[in-house]
Amino acid sequence: MSKLSFSGHSPLTKTHKYSIAGIATLGAAALAFTLVPGNSTAEAETISAAPVAFEVAAGKPQIKDVHASVTNQMATADQQVKNAAAKLKATQVAATKKAADAAAAKAKVDAAAKAKVEKDRQVREAASRAAARKPVYANNLDGWIRESLDIMKAKGIPGSYNGLHRNIIRESSGNPQAINNWDINAINGIPSKGLLQVIPPTFSAYHVPGTSWNIYDPVANITAAANYAADKYGSMDNVNSAY
């Protein structure tokens, strides 16, 4: 027997079949009851029909609704998972950036500290080298002349040890506190002073930067006198008498 179908719909389900069978049974029972004569003395046979459960053929819409509900729940759960993953990733990215920024800041501080240490070391070494290079001069005529010669060399002032020594001995006998109170300069109120007997105006005019402004200072007196002699005579070496 071919399967019964309606207008191209799917074949009957088991539920449909039970429903149709129940209806057919009830119809047959009704027909048998009407066939028993009303005035018959015969005891009518009791016809009992088994209860038939009628099922509403609504399975497909219910399944579709459940499927849609499950699909929506899965989609919601999937979106929640994606949101949680995105939030976790954002947190991790922020933490990574924070760690990188902290590391960069620390590296910058460390570099600055290291640079300062290196600079301080270089300054100390430079000072040490300068101190090592700086000669120590004796606090006597020889030391004063030698120190003056080094300053004169740095300033481009000509003169020799012998030229300075010769004129110092003639002018003051090597006494840095010597003063002339009897020559014309003394009469004019500006006596010659110091190792090379320089008058105050000449000392001020030919003072060499870096030396003392005290006219009695041995080194300052020698370098100022040598500077004056270089301007007037070419060099203290060319001076052999009062100048």
# chains A, B, ... in the order shown; residues from 1 in each chain; ligands from 1

call {"tool": "residues_around", "arguments": {"residues": "Gly174 (chain A)", "least_positions_apart": "3", "cutoff": "12 Å", "atoms": "only C-alpha atoms", "output": "PDB file with N, CA, C and O atoms, in the first residue's frame"}}
result
ATOM      1  N   ASN A 140     110.167  80.685  46.277  1.00  0.00           N
ATOM      2  CA  ASN A 140     111.423  81.451  46.333  1.00  0.00           C
ATOM      3  C   ASN A 140     111.630  82.087  44.966  1.00  0.00           C
ATOM      4  O   ASN A 140     110.787  81.940  44.064  1.00  0.00           O
ATOM      5  N   LEU A 141     112.740  82.797  44.825  1.00  0.00           N
ATOM      6  CA  LEU A 141     112.966  83.520  43.573  1.00  0.00           C
ATOM      7  C   LEU A 141     112.938  82.599  42.360  1.00  0.00           C
ATOM      8  O   LEU A 141     112.349  82.928  41.325  1.00  0.00           O
ATOM      9  N   ASP A 142     113.575  81.451  42.476  1.00  0.00           N
ATOM     10  CA  ASP A 142     113.589  80.508  41.349  1.00  0.00           C
ATOM     11  C   ASP A 142     112.168  80.061  40.993  1.00  0.00           C
ATOM     12  O   ASP A 142     111.789  80.024  39.810  1.00  0.00           O
ATOM     13  N   GLY A 143     111.388  79.746  42.012  1.00  0.00           N
ATOM     14  CA  GLY A 143     110.006  79.313  41.771  1.00  0.00           C
ATOM     15  C   GLY A 143     109.163  80.420  41.189  1.00  0.00           C
ATOM     16  O   GLY A 143     108.333  80.185  40.293  1.00  0.00           O
ATOM     17  N   TRP A 144     109.345  81.663  41.658  1.00  0.00           N
ATOM     18  CA  TRP A 144     108.565  82.781  41.140  1.00  0.00           C
ATOM     19  C   TRP A 144     108.872  83.045  39.668  1.00  0.00           C
ATOM     20  O   TRP A 144     107.958  83.299  38.866  1.00  0.00           O
ATOM     21  N   ILE A 145     110.140  82.980  39.339  1.00  0.00           N
ATOM     22  CA  ILE A 145     110.527  83.220  37.942  1.00  0.00           C
ATOM     23  C   ILE A 145     109.950  82.130  37.033  1.00  0.00           C
ATOM     24  O   ILE A 145     109.415  82.404  35.942  1.00  0.00           O
ATOM     25  N   LEU A 164     114.980  87.664  33.064  1.00  0.00           N
ATOM     26  CA  LEU A 164     114.209  88.034  34.244  1.00  0.00           C
ATOM     27  C   LEU A 164     115.094  88.058  35.498  1.00  0.00           C
ATOM     28  O   LEU A 164     115.048  89.015  36.281  1.00  0.00           O
ATOM     29  N   HIS A 165     115.891  87.036  35.655  1.00  0.00           N
ATOM     30  CA  HIS A 165     116.726  86.930  36.865  1.00  0.00           C
ATOM     31  C   HIS A 165     117.714  88.099  36.957  1.00  0.00           C
ATOM     32  O   HIS A 165     117.901  88.693  38.028  1.00  0.00           O
ATOM     33  N   ARG A 166     118.350  88.431  35.840  1.00  0.00           N
ATOM     34  CA  ARG A 166     119.347  89.507  35.817  1.00  0.00           C
ATOM     35  C   ARG A 166     118.731  90.831  36.242  1.00  0.00           C
ATOM     36  O   ARG A 166     119.277  91.564  37.070  1.00  0.00           O
ATOM     37  N   ASN A 167     117.587  91.161  35.688  1.00  0.00           N
ATOM     38  CA  ASN A 167     116.944  92.436  35.991  1.00  0.00           C
ATOM     39  C   ASN A 167     116.365  92.472  37.414  1.00  0.00           C
ATOM     40  O   ASN A 167     116.359  93.527  38.064  1.00  0.00           O
ATOM     41  N   ILE A 168     115.879  91.332  37.899  1.00  0.00           N
ATOM     42  CA  ILE A 168     115.364  91.276  39.272  1.00  0.00           C
ATOM     43  C   ILE A 168     116.487  91.562  40.280  1.00  0.00           C
ATOM     44  O   ILE A 168     116.307  92.349  41.232  1.00  0.00           O
ATOM     45  N   ILE A 169     117.647  90.934  40.060  1.00  0.00           N
ATOM     46  CA  ILE A 169     118.770  91.140  40.982  1.00  0.00           C
ATOM     47  C   ILE A 169     119.203  92.601  40.968  1.00  0.00           C
ATOM     48  O   ILE A 169     119.494  93.201  42.011  1.00  0.00           O
ATOM     49  N   ARG A 170     119.211  93.206  39.775  1.00  0.00           N
ATOM     50  CA  ARG A 170     119.632  94.604  39.702  1.00  0.00           C
ATOM     51  C   ARG A 170     118.615  95.528  40.373  1.00  0.00           C
ATOM     52  O   ARG A 170     118.987  96.494  41.061  1.00  0.00           O
ATOM     53  N   GLU A 171     117.341  95.280  40.167  1.00  0.00           N
ATOM     54  CA  GLU A 171     116.304  96.187  40.652  1.00  0.00           C
ATOM     55  C   GLU A 171     115.986  96.030  42.148  1.00  0.00           C
ATOM     56  O   GLU A 171     115.727  97.018  42.846  1.00  0.00           O
ATOM     57  N   GLN A 177     109.369  92.702  48.576  1.00  0.00           N
ATOM     58  CA  GLN A 177     108.799  93.831  49.305  1.00  0.00           C
ATOM     59  C   GLN A 177     109.593  95.124  49.092  1.00  0.00           C
ATOM     60  O   GLN A 177     109.315  96.137  49.749  1.00  0.00           O
ATOM     61  N   ALA A 178     110.558  95.093  48.171  1.00  0.00           N
ATOM     62  CA  ALA A 178     111.400  96.277  47.937  1.00  0.00           C
ATOM     63  C   ALA A 178     110.557  97.448  47.441  1.00  0.00           C
ATOM     64  O   ALA A 178     109.589  97.272  46.689  1.00  0.00           O
ATOM     65  N   ILE A 179     110.972  98.670  47.840  1.00  0.00           N
ATOM     66  CA  ILE A 179     110.278  99.891  47.414  1.00  0.00           C
ATOM     67  C   ILE A 179     111.304 101.007  47.302  1.00  0.00           C
ATOM     68  O   ILE A 179     112.194 101.133  48.132  1.00  0.00           O
ATOM     69  N   LYS A 193     107.862  99.559  43.054  1.00  0.00           N
ATOM     70  CA  LYS A 193     107.669  98.521  44.071  1.00  0.00           C
ATOM     71  C   LYS A 193     107.915  97.126  43.502  1.00  0.00           C
ATOM     72  O   LYS A 193     107.779  96.882  42.311  1.00  0.00           O
ATOM     73  N   GLY A 194     108.268  96.211  44.392  1.00  0.00           N
ATOM     74  CA  GLY A 194     108.353  94.801  44.041  1.00  0.00           C
ATOM     75  C   GLY A 194     109.661  94.373  43.425  1.00  0.00           C
ATOM     76  O   GLY A 194     110.628  95.138  43.352  1.00  0.00           O
ATOM     77  N   LEU A 195     109.715  93.117  42.965  1.00  0.00           N
ATOM     78  CA  LEU A 195     110.936  92.517  42.424  1.00  0.00           C
ATOM     79  C   LEU A 195     111.517  93.291  41.257  1.00  0.00           C
ATOM     80  O   LEU A 195     112.734  93.462  41.162  1.00  0.00           O
ATOM     81  N   LEU A 196     110.670  93.749  40.343  1.00  0.00           N
ATOM     82  CA  LEU A 196     111.165  94.468  39.167  1.00  0.00           C
ATOM     83  C   LEU A 196     110.819  95.953  39.238  1.00  0.00           C
ATOM     84  O   LEU A 196     110.845  96.638  38.219  1.00  0.00           O
ATOM     85  N   GLN A 197     110.553  96.449  40.463  1.00  0.00           N
ATOM     86  CA  GLN A 197     110.368  97.886  40.693  1.00  0.00           C
ATOM     87  C   GLN A 197     109.426  98.526  39.654  1.00  0.00           C
ATOM     88  O   GLN A 197     109.821  99.351  38.822  1.00  0.00           O
ATOM     89  N   TYR A 216     102.843  93.737  45.144  1.00  0.00           N
ATOM     90  CA  TYR A 216     103.970  93.097  45.829  1.00  0.00           C
ATOM     91  C   TYR A 216     104.008  91.567  45.606  1.00  0.00           C
ATOM     92  O   TYR A 216     104.963  90.923  46.017  1.00  0.00           O
ATOM     93  N   PRO A 218     104.999  88.404  44.015  1.00  0.00           N
ATOM     94  CA  PRO A 218     106.171  88.166  43.156  1.00  0.00           C
ATOM     95  C   PRO A 218     105.821  87.833  41.712  1.00  0.00           C
ATOM     96  O   PRO A 218     106.371  88.416  40.766  1.00  0.00           O
ATOM     97  N   ASN A 221     104.033  90.749  39.903  1.00  0.00           N
ATOM     98  CA  ASN A 221     104.977  91.828  39.628  1.00  0.00           C
ATOM     99  C   ASN A 221     105.880  91.491  38.442  1.00  0.00           C
ATOM    100  O   ASN A 221     106.092  92.332  37.540  1.00  0.00           O
ATOM    101  N   ILE A 222     106.403  90.267  38.423  1.00  0.00           N
ATOM    102  CA  ILE A 222     107.303  89.859  37.334  1.00  0.00           C
ATOM    103  C   ILE A 222     106.573  89.868  35.994  1.00  0.00           C
ATOM    104  O   ILE A 222     107.073  90.394  34.994  1.00  0.00           O
TER     105      ILE A 222
END

call {"tool": "select_by_dssp", "arguments": {"residues": "region 89-236 of chain A", "states": "alpha helix (DSSP H)", "output": "PyMOL selection string"}}
result
chain A and resi 89-133+141-155+161-172+184-187+200-205+218-233

call {"tool": "closest_residue", "arguments": {"among": "A:Ile184, A:Leu149, A:Ala84, A:Ala105", "to": "Thr223 (chain A)", "atoms": "only C-alpha atoms"}}
result
A:Leu149

call {"tool": "closest_residue", "arguments": {"among": "A:Ser148, A:Val109, A:Ala226, A:Met236", "to": "Ser212 (chain A)", "atoms": "only C-alpha atoms"}}
result
A:Ser148

call {"tool": "residues_around", "arguments": {"residues": "Ile157 (chain A)", "least_positions_apart": "3", "cutoff": "8 Å", "atoms": "only C-alpha atoms", "output": "VMD selection string"}}
result
chain A and resid 152 to 154 226 to 227 230 235

call {"tool": "write_last_selection", "arguments": {"atoms": "C-alpha atoms", "output": "tab-separated table (two decimals), in the first residue's frame"}}
result
chain	number	residue	atom	x	y	z
A	152	MET	CA	104.15	84.47	30.01
A	153	LYS	CA	104.38	81.52	27.63
A	154	ALA	CA	100.63	80.94	27.85
A	226	ALA	CA	107.76	91.54	31.54
A	227	ASN	CA	104.60	92.51	29.68
A	230	ALA	CA	107.87	93.39	25.80
A	235	SER	CA	111.48	91.64	25.70

call {"tool": "atom_distance", "arguments": {"atom1": "CA of Tyr243 (chain A)", "atom2": "CA of Ile199 (chain A)"}}
result
11.1 Å

call {"tool": "atom_distance", "arguments": {"atom1": "CA of Val93 (chain A)", "atom2": "CA of Thr76 (chain A)"}}
result
25.3 Å

call {"tool": "atom_distance", "arguments": {"atom1": "CA of Ser160 (chain A)", "atom2": "CA of Asn181 (chain A)"}}
result
28.9 Å

call {"tool": "closest_residue", "arguments": {"among": "A:Asp150, A:Asn185, A:Ala103, A:Asn238", "to": "Asn162 (chain A)", "atoms": "only C-alpha atoms"}}
result
A:Asn238

call {"tool": "decode", "arguments": {"residues": "region 159-170 of chain A", "atoms": "all heavy atoms", "output": "mmCIF file, in the first residue's frame"}}
result
data_model
loop_
_atom_site.group_PDB
_atom_site.id
_atom_site.type_symbol
_atom_site.label_atom_id
_atom_site.label_comp_id
_atom_site.auth_asym_id
_atom_site.auth_seq_id
_atom_site.Cartn_x
_atom_site.Cartn_y
_atom_site.Cartn_z
ATOM 1 N N GLY A 159 110.405 86.423 26.828
ATOM 2 C CA GLY A 159 111.316 86.619 27.961
ATOM 3 C C GLY A 159 111.944 85.290 28.344
ATOM 4 O O GLY A 159 111.383 84.220 28.060
ATOM 5 N N SER A 160 113.121 85.363 28.955
ATOM 6 C CA SER A 160 113.846 84.158 29.352
ATOM 7 C C SER A 160 114.124 84.193 30.853
ATOM 8 O O SER A 160 114.023 85.242 31.510
ATOM 9 C CB SER A 160 115.160 84.058 28.582
ATOM 10 O OG SER A 160 116.043 85.102 28.983
ATOM 11 N N TYR A 161 114.516 83.055 31.368
ATOM 12 C CA TYR A 161 114.849 82.958 32.787
ATOM 13 C C TYR A 161 116.001 83.897 33.123
ATOM 14 O O TYR A 161 115.943 84.642 34.107
ATOM 15 C CB TYR A 161 115.219 81.514 33.125
ATOM 16 C CG TYR A 161 115.481 81.274 34.593
ATOM 17 C CD1 TYR A 161 114.493 80.783 35.430
ATOM 18 C CD2 TYR A 161 116.742 81.565 35.146
ATOM 19 C CE1 TYR A 161 114.749 80.572 36.791
ATOM 20 C CE2 TYR A 161 116.994 81.353 36.503
ATOM 21 C CZ TYR A 161 115.986 80.859 37.310
ATOM 22 O OH TYR A 161 116.240 80.662 38.661
ATOM 23 N N ASN A 162 117.013 83.867 32.286
ATOM 24 C CA ASN A 162 118.195 84.709 32.548
ATOM 25 C C ASN A 162 117.870 86.190 32.495
ATOM 26 O O ASN A 162 118.347 86.988 33.299
ATOM 27 C CB ASN A 162 119.311 84.378 31.559
ATOM 28 C CG ASN A 162 119.912 83.011 31.807
ATOM 29 O OD1 ASN A 162 119.890 82.521 32.942
ATOM 30 N ND2 ASN A 162 120.463 82.378 30.761
ATOM 31 N N GLY A 163 117.051 86.576 31.499
ATOM 32 C CA GLY A 163 116.693 87.990 31.362
ATOM 33 C C GLY A 163 115.920 88.470 32.582
ATOM 34 O O GLY A 163 116.156 89.579 33.097
ATOM 35 N N LEU A 164 114.980 87.664 33.064
ATOM 36 C CA LEU A 164 114.209 88.034 34.244
ATOM 37 C C LEU A 164 115.094 88.058 35.498
ATOM 38 O O LEU A 164 115.048 89.015 36.281
ATOM 39 C CB LEU A 164 113.045 87.045 34.453
ATOM 40 C CG LEU A 164 111.935 87.050 33.393
ATOM 41 C CD1 LEU A 164 110.927 85.943 33.678
ATOM 42 C CD2 LEU A 164 111.232 88.419 33.335
ATOM 43 N N HIS A 165 115.891 87.036 35.655
ATOM 44 C CA HIS A 165 116.726 86.930 36.865
ATOM 45 C C HIS A 165 117.714 88.099 36.957
ATOM 46 O O HIS A 165 117.901 88.693 38.028
ATOM 47 C CB HIS A 165 117.475 85.595 36.866
ATOM 48 C CG HIS A 165 118.219 85.333 38.114
ATOM 49 N ND1 HIS A 165 119.533 85.780 38.340
ATOM 50 C CD2 HIS A 165 117.857 84.691 39.284
ATOM 51 C CE1 HIS A 165 119.933 85.401 39.520
ATOM 52 N NE2 HIS A 165 118.946 84.740 40.128
ATOM 53 N N ARG A 166 118.350 88.431 35.840
ATOM 54 C CA ARG A 166 119.347 89.507 35.817
ATOM 55 C C ARG A 166 118.731 90.831 36.242
ATOM 56 O O ARG A 166 119.277 91.564 37.070
ATOM 57 C CB ARG A 166 119.924 89.612 34.403
ATOM 58 C CG ARG A 166 121.036 90.664 34.290
ATOM 59 C CD ARG A 166 121.587 90.764 32.872
ATOM 60 N NE ARG A 166 120.634 91.342 31.948
ATOM 61 C CZ ARG A 166 120.011 90.688 30.980
ATOM 62 N NH1 ARG A 166 120.204 89.387 30.824
ATOM 63 N NH2 ARG A 166 119.165 91.306 30.170
ATOM 64 N N ASN A 167 117.587 91.161 35.688
ATOM 65 C CA ASN A 167 116.944 92.436 35.991
ATOM 66 C C ASN A 167 116.365 92.472 37.414
ATOM 67 O O ASN A 167 116.359 93.527 38.064
ATOM 68 C CB ASN A 167 115.836 92.724 34.975
ATOM 69 C CG ASN A 167 116.390 93.240 33.643
ATOM 70 O OD1 ASN A 167 116.795 94.409 33.519
ATOM 71 N ND2 ASN A 167 116.429 92.363 32.638
ATOM 72 N N ILE A 168 115.879 91.332 37.899
ATOM 73 C CA ILE A 168 115.364 91.276 39.272
ATOM 74 C C ILE A 168 116.487 91.562 40.280
ATOM 75 O O ILE A 168 116.307 92.349 41.232
ATOM 76 C CB ILE A 168 114.723 89.897 39.559
ATOM 77 C CG1 ILE A 168 113.393 89.761 38.791
ATOM 78 C CG2 ILE A 168 114.481 89.697 41.062
ATOM 79 C CD1 ILE A 168 112.772 88.371 38.840
ATOM 80 N N ILE A 169 117.647 90.934 40.060
ATOM 81 C CA ILE A 169 118.770 91.140 40.982
ATOM 82 C C ILE A 169 119.203 92.601 40.968
ATOM 83 O O ILE A 169 119.494 93.201 42.011
ATOM 84 C CB ILE A 169 119.944 90.222 40.623
ATOM 85 C CG1 ILE A 169 119.536 88.735 40.822
ATOM 86 C CG2 ILE A 169 121.169 90.549 41.462
ATOM 87 C CD1 ILE A 169 119.081 88.400 42.227
ATOM 88 N N ARG A 170 119.211 93.206 39.775
ATOM 89 C CA ARG A 170 119.632 94.604 39.702
ATOM 90 C C ARG A 170 118.615 95.528 40.373
ATOM 91 O O ARG A 170 118.987 96.494 41.061
ATOM 92 C CB ARG A 170 119.808 95.003 38.232
ATOM 93 C CG ARG A 170 120.386 96.434 38.091
ATOM 94 C CD ARG A 170 120.407 96.960 36.662
ATOM 95 N NE ARG A 170 119.056 97.191 36.161
ATOM 96 C CZ ARG A 170 118.484 96.448 35.223
ATOM 97 N NH1 ARG A 170 119.125 95.393 34.697
ATOM 98 N NH2 ARG A 170 117.261 96.722 34.829
#
